[in-house]
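Shown here: input_12.cif, mmCIF, C-alpha atoms.
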data_work
#
loop_
_atom_site.label_atom_id
_atom_site.label_comp_id
_atom_site.auth_asym_id
_atom_site.auth_seq_id
_atom_site.Cartn_x
_atom_site.Cartn_y
_atom_site.Cartn_z
CA MET Y 674 69.30 134.77 81.40
CA SER Y 675 67.65 132.21 83.69
CA TYR Y 676 66.06 130.53 80.65
CA ARG Y 677 69.42 130.28 78.90
CA ALA Y 678 71.07 128.90 82.04
CA ALA Y 679 68.32 126.32 82.37
CA MET Y 680 68.80 125.29 78.75
CA TRP Y 681 72.53 124.91 79.32
CA ILE Y 682 71.96 122.70 82.35
CA VAL Y 683 69.43 120.52 80.51
CA ALA Y 684 71.65 120.23 77.42
CA THR Y 685 74.68 119.32 79.54
CA GLY Y 686 72.69 116.65 81.37
CA ILE Y 687 71.40 115.16 78.12
CA ILE Y 688 74.88 115.10 76.57
CA ALA Y 689 76.41 113.52 79.70
CA ALA Y 690 73.66 110.88 79.80
CA GLY Y 691 74.18 110.11 76.11
CA LEU Y 692 77.94 109.80 76.56
CA TYR Y 693 77.41 107.39 79.46
CA LEU Y 694 74.70 105.26 77.87
CA LEU Y 695 76.63 104.99 74.59
CA ARG Y 696 80.03 104.64 76.25
CA GLY Y 697 80.74 101.29 74.55
CA PRO Y 698 80.64 102.33 70.88
CA LEU Y 699 81.81 105.88 71.62
CA THR Y 700 84.98 104.73 73.40
CA GLN Y 701 85.70 102.32 70.56
CA PHE Y 702 85.27 105.10 68.00
CA ALA Y 703 87.36 107.55 70.06
CA LEU Y 704 90.23 105.06 70.37
CA ALA Y 705 90.01 104.37 66.63
CA LEU Y 706 90.14 108.12 65.99
CA ILE Y 707 93.27 108.43 68.15
CA LEU Y 708 94.88 105.59 66.21
CA TRP Y 709 93.92 107.28 62.94
CA LEU Y 710 95.49 110.56 64.09
CA ALA Y 711 98.70 108.71 64.97
CA ILE Y 712 98.74 106.98 61.58
CA ASP Y 713 97.90 110.19 59.68
CA GLY Y 714 100.56 112.16 61.54
CA LEU Y 715 103.20 109.51 60.87
CA THR Y 716 102.13 109.37 57.20
CA ARG Y 717 102.58 113.10 56.73
CA ALA Y 718 105.91 112.98 58.58
CA LEU Y 719 107.16 110.26 56.25
CA ASP Y 720 105.81 112.19 53.26
CA GLN Y 721 107.64 115.37 54.32
CA ARG Y 722 110.95 113.82 55.37
CA LEU Y 723 111.09 111.27 52.54
CA SER Y 724 109.99 113.37 49.59
CA PHE Y 725 110.64 110.54 47.15
CA LEU Y 726 108.03 108.43 48.94
CA PRO Y 727 104.47 108.96 47.58
CA ARG Y 728 101.62 109.21 50.07
CA TRP Y 729 99.98 106.02 48.85
CA VAL Y 730 103.16 104.21 49.94
CA ALA Y 731 103.69 106.20 53.16
CA LEU Y 732 100.17 105.45 54.41
CA PRO Y 733 100.47 101.64 54.51
CA ILE Y 734 103.96 101.95 56.02
CA ALA Y 735 102.60 104.17 58.81
CA LEU Y 736 99.63 101.83 59.28
CA VAL Y 737 101.88 98.79 59.65
CA LEU Y 738 104.29 100.60 62.02
CA VAL Y 739 101.56 101.86 64.37
CA LEU Y 740 99.56 98.62 64.48
CA SER Y 741 102.75 96.56 64.84
CA GLY Y 742 103.80 98.69 67.80
CA VAL Y 743 100.42 98.20 69.46
CA ALA Y 744 100.53 94.45 68.76
CA LEU Y 745 104.08 94.17 70.15
CA ILE Y 746 103.06 95.87 73.38
CA GLY Y 747 100.05 93.57 73.70
CA TYR Y 748 102.24 90.50 73.09
CA VAL Y 749 104.77 91.51 75.74
CA VAL Y 750 101.99 92.15 78.27
CA VAL Y 751 100.30 88.78 77.63
CA VAL Y 752 103.59 86.83 77.81
CA ASN Y 753 104.63 88.47 81.06
CA ILE Y 754 101.22 87.96 82.66
CA SER Y 755 101.51 84.24 81.83
CA SER Y 756 104.99 84.19 83.37
CA MET Y 757 103.75 85.91 86.52
CA ALA Y 758 100.88 83.45 86.81
CA GLY Y 759 103.37 80.59 86.72
CA ASP Y 760 105.31 82.15 89.61
CA TYR Y 761 102.21 82.63 91.75
CA SER Y 762 103.40 80.19 94.44
CA ILE Y 763 106.48 82.34 95.04
CA TYR Y 764 104.39 85.50 95.37
CA GLU Y 765 101.92 83.68 97.61
CA THR Y 766 104.68 82.79 100.08
CA ARG Y 767 105.88 86.38 100.25
CA LEU Y 768 102.33 87.77 100.61
CA ASN Y 769 101.61 85.33 103.43
CA ALA Y 770 104.75 86.53 105.22
CA MET Y 771 103.66 90.17 104.78
CA ILE Y 772 100.17 89.38 106.10
CA LEU Y 773 101.74 87.67 109.11
CA GLN Y 774 103.94 90.70 109.82
CA ALA Y 775 101.04 93.14 109.48
CA HIS Y 776 98.87 90.91 111.71
CA GLY Y 777 101.53 90.98 114.41
CA LEU Y 778 102.18 94.72 114.17
CA LEU Y 779 98.47 95.51 114.47
CA GLY Y 780 98.09 93.12 117.40
CA LEU Y 781 95.04 91.42 115.95
CA ALA Y 782 93.52 88.43 117.73
CA GLY Y 783 93.32 84.96 116.21
CA ASP Y 784 95.32 83.31 113.46
CA PRO Y 785 96.43 85.52 110.56
CA PRO Y 786 94.70 84.84 107.23
CA THR Y 787 96.57 83.44 104.25
CA MET Y 788 96.19 84.10 100.55
CA SER Y 789 94.61 80.67 100.12
CA ASN Y 790 92.01 81.52 102.78
CA LEU Y 791 91.28 84.89 101.22
CA LEU Y 792 90.92 83.43 97.73
CA ALA Y 793 88.74 80.60 99.04
CA ARG Y 794 86.17 83.17 100.17
CA LEU Y 795 85.70 84.27 96.58
CA ASP Y 796 83.26 82.47 94.34
CA PRO Y 797 85.46 80.72 91.73
CA GLY Y 798 82.57 80.43 89.29
CA ARG Y 799 81.75 84.12 89.50
CA VAL Y 800 85.41 85.12 89.16
CA ALA Y 801 85.85 82.86 86.12
CA SER Y 802 82.66 84.22 84.58
CA GLU Y 803 83.72 87.85 85.08
CA LEU Y 804 87.20 87.11 83.73
CA GLY Y 805 85.77 85.41 80.64
CA SER Y 806 83.33 88.28 80.11
CA GLY Y 807 86.15 90.78 80.41
CA LEU Y 808 88.29 88.95 77.86
CA ARG Y 809 85.35 88.75 75.44
CA ASN Y 810 84.73 92.48 75.84
CA ILE Y 811 88.38 93.25 75.14
CA ALA Y 812 88.35 91.07 72.01
CA SER Y 813 85.11 92.71 70.86
CA ASP Y 814 86.51 96.20 71.48
CA ILE Y 815 89.64 95.42 69.45
CA VAL Y 816 87.56 94.15 66.53
CA PHE Y 817 85.28 97.20 66.48
CA ILE Y 818 88.22 99.60 66.87
CA LEU Y 819 89.88 98.05 63.83
CA ILE Y 820 86.59 98.22 61.90
CA TYR Y 821 86.15 101.91 62.74
CA LEU Y 822 89.78 102.53 61.80
CA GLY Y 823 89.26 100.80 58.46
CA PHE Y 824 86.39 103.15 57.65
CA LEU Y 825 88.08 106.29 59.00
CA ILE Y 826 91.08 106.06 56.67
CA PRO Y 827 89.13 106.31 53.38
CA ALA Y 828 86.55 108.69 54.94
CA ALA Y 829 89.29 111.22 55.75
CA SER Y 830 89.99 111.80 52.05
CA THR Y 831 86.39 112.89 51.43
CA MET Y 832 86.17 115.29 54.38
CA SER Y 833 87.55 118.35 52.57
CA PRO Y 834 84.99 118.20 49.67
CA LYS Y 835 82.20 117.74 52.22
CA LEU Y 836 83.31 120.84 54.14
CA ASP Y 837 83.50 122.77 50.88
CA ALA Y 838 79.90 121.78 50.18
CA ILE Y 839 78.81 122.82 53.67
CA PHE Y 840 80.68 126.11 54.08
CA GLY Y 841 81.45 127.12 50.52
CA GLN Y 842 84.72 128.84 49.65
CA GLY Y 843 84.44 132.04 51.68
CA GLU Y 844 85.47 133.16 55.14
CA ALA Y 845 83.34 130.49 56.83
CA ARG Y 846 85.24 127.77 54.98
CA ASN Y 847 88.60 129.29 55.96
CA SER Y 848 87.52 129.43 59.60
CA ALA Y 849 86.36 125.81 59.50
CA ARG Y 850 89.64 124.76 57.88
CA ALA Y 851 91.60 126.57 60.59
CA VAL Y 852 89.59 124.93 63.38
CA PHE Y 853 90.06 121.43 61.97
CA ALA Y 854 93.75 122.08 61.38
CA ARG Y 855 94.13 123.35 64.94
CA ILE Y 856 92.42 120.28 66.38
CA ARG Y 857 94.43 117.90 64.24
CA THR Y 858 97.73 119.64 64.99
CA SER Y 859 97.06 119.75 68.73
CA MET Y 860 96.02 116.09 68.86
CA GLU Y 861 98.95 114.86 66.80
CA ARG Y 862 101.47 116.93 68.73
CA TYR Y 863 100.02 115.78 72.03
CA LEU Y 864 100.17 112.12 70.96
CA TRP Y 865 103.71 112.54 69.65
CA VAL Y 866 104.97 114.25 72.80
CA GLN Y 867 103.25 111.77 75.13
CA THR Y 868 104.62 108.81 73.16
CA VAL Y 869 108.19 110.13 73.09
CA VAL Y 870 108.11 111.10 76.78
CA SER Y 871 106.57 107.75 77.72
CA LEU Y 872 109.25 105.89 75.76
CA ILE Y 873 112.03 107.85 77.52
CA ILE Y 874 110.53 107.25 80.96
CA THR Y 875 109.90 103.58 80.12
CA ALA Y 876 113.49 103.03 78.98
CA LEU Y 877 114.99 104.73 82.04
CA THR Y 878 112.58 102.92 84.36
CA TYR Y 879 113.37 99.56 82.74
CA ILE Y 880 117.11 100.10 83.26
CA THR Y 881 116.49 101.04 86.89
CA LEU Y 882 114.28 98.02 87.56
CA VAL Y 883 116.76 95.65 85.89
CA ILE Y 884 119.64 97.04 87.97
CA VAL Y 885 117.63 96.62 91.16
CA GLY Y 886 116.59 93.11 90.10
CA LEU Y 887 112.80 93.49 89.99
CA GLU Y 888 111.18 90.49 88.32
CA ASN Y 889 109.19 91.03 85.12
CA ALA Y 890 110.78 94.47 84.74
CA LEU Y 891 109.80 94.67 81.07
CA PHE Y 892 106.13 94.10 81.86
CA TRP Y 893 106.01 96.76 84.58
CA SER Y 894 107.85 99.16 82.29
CA PHE Y 895 105.16 98.68 79.64
CA VAL Y 896 102.48 99.25 82.28
CA ILE Y 897 104.21 102.53 83.17
CA PHE Y 898 104.30 103.40 79.45
CA PHE Y 899 100.50 103.21 79.30
CA LEU Y 900 100.00 104.98 82.64
CA ASN Y 901 101.98 107.99 81.39
CA TYR Y 902 99.12 108.74 78.98
CA ILE Y 903 96.94 109.50 82.03
CA PRO Y 904 97.77 113.09 83.07
CA THR Y 905 99.10 113.71 86.59
CA VAL Y 906 97.52 110.67 88.22
CA GLY Y 907 99.24 108.15 85.93
CA SER Y 908 102.73 108.93 87.22
CA ILE Y 909 101.56 108.57 90.83
CA ILE Y 910 99.93 105.20 90.11
CA ALA Y 911 103.11 104.05 88.34
CA ALA Y 912 105.29 104.84 91.36
CA VAL Y 913 102.87 103.26 93.85
CA LEU Y 914 102.37 100.14 91.71
CA THR Y 915 106.06 99.37 91.19
CA THR Y 916 106.80 100.05 94.86
CA ALA Y 917 104.07 97.59 95.86
CA VAL Y 918 105.55 94.95 93.53
CA ALA Y 919 109.01 95.53 95.02
CA LEU Y 920 107.50 95.22 98.51
CA VAL Y 921 106.17 91.78 97.59
CA GLN Y 922 109.42 90.57 96.03
CA PHE Y 923 112.19 91.91 98.28
CA ASP Y 924 112.79 91.17 101.96
CA THR Y 925 115.06 94.14 102.63
CA LEU Y 926 114.26 97.85 102.60
CA ALA Y 927 117.07 99.06 100.31
CA PRO Y 928 115.80 97.68 96.95
CA ILE Y 929 112.24 98.73 97.80
CA LEU Y 930 113.34 102.31 98.42
CA THR Y 931 115.50 102.24 95.29
CA VAL Y 932 112.53 101.24 93.16
CA ALA Y 933 110.27 103.86 94.76
CA VAL Y 934 112.80 106.69 94.46
CA GLY Y 935 114.05 105.64 91.01
CA VAL Y 936 110.62 105.42 89.37
CA SER Y 937 109.40 108.62 91.05
CA ALA Y 938 112.59 110.50 90.11
CA TRP Y 939 112.30 109.69 86.40
CA GLN Y 940 108.64 110.64 86.42
CA PHE Y 941 109.41 113.95 88.16
CA ILE Y 942 112.47 114.92 86.11
CA ILE Y 943 111.04 114.09 82.68
CA GLY Y 944 107.52 115.28 83.52
CA ASN Y 945 108.57 118.65 84.95
CA PHE Y 946 111.58 119.63 82.84
CA LEU Y 947 111.53 117.85 79.47
CA GLN Y 948 107.81 117.37 78.80
CA PRO Y 949 106.74 121.04 79.21
CA ARG Y 950 109.38 122.12 76.67
CA MET Y 951 108.18 119.52 74.17
CA THR Y 952 104.46 120.02 74.75
CA GLY Y 953 104.42 123.77 74.17
CA GLU Y 954 100.87 124.89 73.40
CA SER Y 955 99.56 121.54 72.20
CA LEU Y 956 97.72 120.89 75.45
CA ASN Y 957 97.16 124.39 76.89
CA LEU Y 958 94.85 123.17 79.65
CA SER Y 959 94.81 124.41 83.21
CA ALA Y 960 96.15 121.86 85.72
CA VAL Y 961 92.87 122.01 87.63
CA VAL Y 962 90.95 121.41 84.39
CA VAL Y 963 93.14 118.37 83.62
CA LEU Y 964 92.31 116.80 86.99
CA LEU Y 965 88.62 117.66 86.62
CA ALA Y 966 88.53 116.27 83.07
CA LEU Y 967 90.24 113.11 84.27
CA SER Y 968 87.59 112.62 86.95
CA ILE Y 969 84.63 113.35 84.66
CA TRP Y 970 85.77 111.32 81.64
CA GLY Y 971 86.92 108.51 83.93
CA ALA Y 972 83.48 108.39 85.57
CA ILE Y 973 81.71 108.35 82.19
CA TRP Y 974 83.97 106.07 80.13
CA GLY Y 975 86.09 104.27 82.74
CA ILE Y 976 89.74 103.54 81.99
CA ALA Y 977 89.36 104.54 78.34
CA GLY Y 978 88.00 107.90 79.49
CA ALA Y 979 91.03 108.43 81.71
CA PHE Y 980 93.36 107.86 78.73
CA LEU Y 981 91.31 110.11 76.44
CA ALA Y 982 90.53 112.86 78.98
CA ALA Y 983 93.21 115.35 77.92
CA PRO Y 984 92.84 115.15 74.10
CA LEU Y 985 89.03 115.15 74.27
CA THR Y 986 89.02 118.20 76.54
CA VAL Y 987 91.43 120.03 74.22
CA MET Y 988 89.12 119.25 71.31
CA ILE Y 989 86.10 120.58 73.21
CA MET Y 990 88.00 123.73 74.21
CA ILE Y 991 88.95 124.53 70.62
CA VAL Y 992 85.38 124.04 69.39
CA LEU Y 993 83.88 126.15 72.21
CA ALA Y 994 86.32 128.96 71.41
CA GLN Y 995 84.76 129.43 67.96
CA PHE Y 996 81.40 130.70 69.23
CA PRO Y 997 80.95 134.00 71.12
CA SER Y 998 78.38 132.49 73.50
CA THR Y 999 80.73 129.70 74.62
CA ARG Y 1000 84.15 131.31 74.21
CA TRP Y 1001 84.24 132.23 77.90
CA ILE Y 1002 84.14 128.53 78.78
CA ALA Y 1003 87.10 127.86 76.49
CA ILE Y 1004 89.03 130.71 78.13
CA LEU Y 1005 88.42 129.19 81.57
CA LEU Y 1006 89.55 125.77 80.35
CA SER Y 1007 92.80 127.08 78.83
CA ALA Y 1008 96.03 127.48 80.76
CA ASP Y 1009 96.97 130.90 79.35
CA GLY Y 1010 93.54 132.35 78.54
CA LYS Y 1011 94.16 131.90 74.80
CA PRO Y 1012 92.22 128.81 73.66
CA THR Y 1013 92.74 129.56 69.96
CA PRO Y 1014 96.02 129.89 68.02
CA HIS Y 1015 97.58 133.22 67.20
CA SER Y 1016 96.79 134.92 63.91
CA ASP Y 1017 99.97 133.72 62.24
CA GLU Y 1018 99.16 130.13 63.20
CA LEU Y 1019 95.66 130.54 61.79
CA SER Y 1020 96.97 131.85 58.49
CA LYS Y 1021 99.29 128.86 58.19
CA SER Y 1022 96.44 126.50 59.01
CA GLU Y 1023 94.22 128.02 56.35
CA THR Y 1024 96.76 127.23 53.67
CA GLN Y 1025 96.88 123.55 54.58
CA PRO Y 1026 94.34 121.03 53.32
CA ASP Y 1027 92.08 119.22 55.78
#

Let me see the structure of the file written as structure tokens.
Amino acid sequence: MSYRAAMWIVATGIIAAGLYLLRGPLTQFALALILWLAIDGLTRALDQRLSFLPRWVALPIALVLVLSGVALIGYVVVVNISSMAGDYSIYETRLNAMILQAHGLLGLAGDPPTMSNLLARLDPGRVASELGSGLRNIASDIVFILIYLGFLIPAASTMSPKLDAIFGQGEARNSARAVFARIRTSMERYLWVQTVVSLIITALTYITLVIVGLENALFWSFVIFFLNYIPTVGSIIAAVLTTAVALVQFDTLAPILTVAVGVSAWQFIIGNFLQPRMTGESLNLSAVVVLLALSIWGAIWGIAGAFLAAPLTVMIMIVLAQFPSTRWIAILLSADGKPTPHSDELSKSETQPD
């Protein structure tokens, strides 16, 4: 038993080290895989709902829709960031006033600092270098994600014959088909639910921010849309971030409280009443496991790990549940102690192609 435990510890350490050292290409591939799942799910939905539409037509339609949506979000974010940069002098005045108020309330000695003084302490060359490096990394990541996606789409069609060659046509092949179907169904349902819920919260938040009069409301709504893909913590960050922006813009307390309460209320209502009904068993992770997965994947892969924490953990749970020696881990990770689908779900999965 001690030997097996030692082997588990060593294997876990090696896997964690590999995930960290190869975080660049692995995060790119994981994001490409998520995009492929979204495209594949939309393709099959179009194929089922529009029976007259052949798959070879539905696939490019789904590809264009998904990539156009991603490009539109990126365009809105870039345009609004440029607009905010042009209004920096207005924000600087308000931030200087806030610093002055905080300096007086704390009773600090000496003259209060200003934003110009604080920024002057930074090394402009280093900041410009880091910003340029970050932009190059983002551009490189986008290129590689699209390359991986381009290879994943044709590779998916050859996966079923490969599995037939590996497992044959017996019980092992049926079990493998059920596992892959379970993973794909869980991932696609999770992505669908998160996207729909995020769109609802984004729309309601945007209306609230426009009514209050928060500047660049569309940009902050899109930021909230992305943050909703981070379980639990994302909604808290969204409320804190928009409240901080309102604190910078408004001089009175009423609009600041309206923004804080409005954003938090939509997050709470949709997240606690609508989302659980839509999610069903697609996630099936314990709340503690979600927070732990968020911390671990975030530490290994950064922001990308935080976005991918829940789907990656679900995938790991389903795989671990297939082996007697690791099934106990999957049971601990699950919310209801049932990390695998019921028998009727398995039989349906076995009848579907990979």

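One distance worth recording is that between atom CA of Ile734 of chain Y and atom CA of Thr716 of chain Y, which is 7.7 Å.
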
Given the file above and the PyMOL selection byres ((chain Y and resi 925-935) around 9), which residues are selected, and can you give them as JSON, numbers by chain? {"Y": [878, 881, 882, 885, 886, 887, 912, 913, 915, 916, 917, 918, 919, 920, 922, 923, 924, 936, 937, 938, 939, 940]}

Taking the file as shown, find all residues satisfying the PyMOL selection byres ((chain Y and resi 989) around 12) and write them as a ChimeraX atom specification. /Y:852-853,855-856,859-860,956,958,966,982-988,990-996,999-1000,1002-1004,1006-1007,1012-1013

Save out the residues we just selected, C-alpha atoms, as a PDB file, in the frame of the given file.
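Below is the file that was written, out_10.pdb:
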ATOM      1  CA  VAL Y 852      89.590 124.930  63.380  1.00  0.00           C
ATOM      2  CA  PHE Y 853      90.060 121.430  61.970  1.00  0.00           C
ATOM      3  CA  ARG Y 855      94.130 123.350  64.940  1.00  0.00           C
ATOM      4  CA  ILE Y 856      92.420 120.280  66.380  1.00  0.00           C
ATOM      5  CA  SER Y 859      97.060 119.750  68.730  1.00  0.00           C
ATOM      6  CA  MET Y 860      96.020 116.090  68.860  1.00  0.00           C
ATOM      7  CA  LEU Y 956      97.720 120.890  75.450  1.00  0.00           C
ATOM      8  CA  LEU Y 958      94.850 123.170  79.650  1.00  0.00           C
ATOM      9  CA  ALA Y 966      88.530 116.270  83.070  1.00  0.00           C
ATOM     10  CA  ALA Y 982      90.530 112.860  78.980  1.00  0.00           C
ATOM     11  CA  ALA Y 983      93.210 115.350  77.920  1.00  0.00           C
ATOM     12  CA  PRO Y 984      92.840 115.150  74.100  1.00  0.00           C
ATOM     13  CA  LEU Y 985      89.030 115.150  74.270  1.00  0.00           C
ATOM     14  CA  THR Y 986      89.020 118.200  76.540  1.00  0.00           C
ATOM     15  CA  VAL Y 987      91.430 120.030  74.220  1.00  0.00           C
ATOM     16  CA  MET Y 988      89.120 119.250  71.310  1.00  0.00           C
ATOM     17  CA  MET Y 990      88.000 123.730  74.210  1.00  0.00           C
ATOM     18  CA  ILE Y 991      88.950 124.530  70.620  1.00  0.00           C
ATOM     19  CA  VAL Y 992      85.380 124.040  69.390  1.00  0.00           C
ATOM     20  CA  LEU Y 993      83.880 126.150  72.210  1.00  0.00           C
ATOM     21  CA  ALA Y 994      86.320 128.960  71.410  1.00  0.00           C
ATOM     22  CA  GLN Y 995      84.760 129.430  67.960  1.00  0.00           C
ATOM     23  CA  PHE Y 996      81.400 130.700  69.230  1.00  0.00           C
ATOM     24  CA  THR Y 999      80.730 129.700  74.620  1.00  0.00           C
ATOM     25  CA  ARG Y1000      84.150 131.310  74.210  1.00  0.00           C
ATOM     26  CA  ILE Y1002      84.140 128.530  78.780  1.00  0.00           C
ATOM     27  CA  ALA Y1003      87.100 127.860  76.490  1.00  0.00           C
ATOM     28  CA  ILE Y1004      89.030 130.710  78.130  1.00  0.00           C
ATOM     29  CA  LEU Y1006      89.550 125.770  80.350  1.00  0.00           C
ATOM     30  CA  SER Y1007      92.800 127.080  78.830  1.00  0.00           C
ATOM     31  CA  PRO Y1012      92.220 128.810  73.660  1.00  0.00           C
ATOM     32  CA  THR Y1013      92.740 129.560  69.960  1.00  0.00           C
TER      33      THR Y1013
END

Atom CA of Gly971 of chain Y to atom CA of Gln948 of chain Y, straight-line distance in Å: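 Those two atoms sit 23.3 Å apart.
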
Here's the selection I'm unsure about, the PyMOL selection byres ((chain Y and resi 710) around 12); applied to the file above, which residues does it give, as a PyMOL selection string? chain Y and resi 703-709+711-717+732+735-736+739+822+825-826+829+854+856-865+984

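Taking atom CA of Ile688 of chain Y and atom CA of Ile973 of chain Y as the two end points, the separation is 11.1 Å.
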
Answer as a ChimeraX atom specification, residues within 12 Å of (106.6, 89.1, 90.6) using all atoms listed in the file: /Y:753-768,886-893,914-923

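For the residues Y:Val906, Y:Leu900, Y:Ile976, Y:Val751, ranking by smallest atom-to-atom distance to Val963 of chain Y using all atoms listed in the file places Y:Val906 first.
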
Nearest to Leu947 of chain Y, chosen from Y:Met832, Y:Ala849, Y:Ala838, Y:Gln867, with only C-alpha atoms counted in the distances: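 Of Y:Met832, Y:Ala849, Y:Ala838, Y:Gln867, the one nearest Leu947 of chain Y, counting only C-alpha atoms, is Y:Gln867.
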
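Using only C-alpha atoms, the smallest distance between any of Y:Gly697, Y:Gly978, Y:Pro834, Y:Gly686 and Arg850 of chain Y comes from Y:Pro834.
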
Using 8 Å of padding on each side, determine the axis-aligned box around all atoms of segment 869-888 of chain Y present in the file and give its centre and edge lengths in Å to one decimal, as lines of an AutoDock Vina configuration file.
center_x = 113.1
center_y = 100.8
center_z = 82.1
size_x = 29.1
size_y = 36.6
size_z = 34.1

Around the point (102.5, 104.2, 80.5) (coordinates from the file), which residues reach within 9 Å if we count all atoms listed in the file? Answer as an MDAnalysis selection string. chainID Y and resid 868 871:872 874:875 894:903 907:908 911

Closest to Ile818 of chain Y among Y:Gly747, Y:Pro997, Y:Gly944, Y:Pro698, using only C-alpha atoms?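 Checking each of Y:Gly747, Y:Pro997, Y:Gly944, Y:Pro698 against Ile818 of chain Y, counting only C-alpha atoms, the winner is Y:Pro698.
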
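Closest approach to Phe817 of chain Y among Y:Leu778, Y:Leu699, Y:Ala690, Y:Ala679 is made by Y:Leu699 (distances from only C-alpha atoms).
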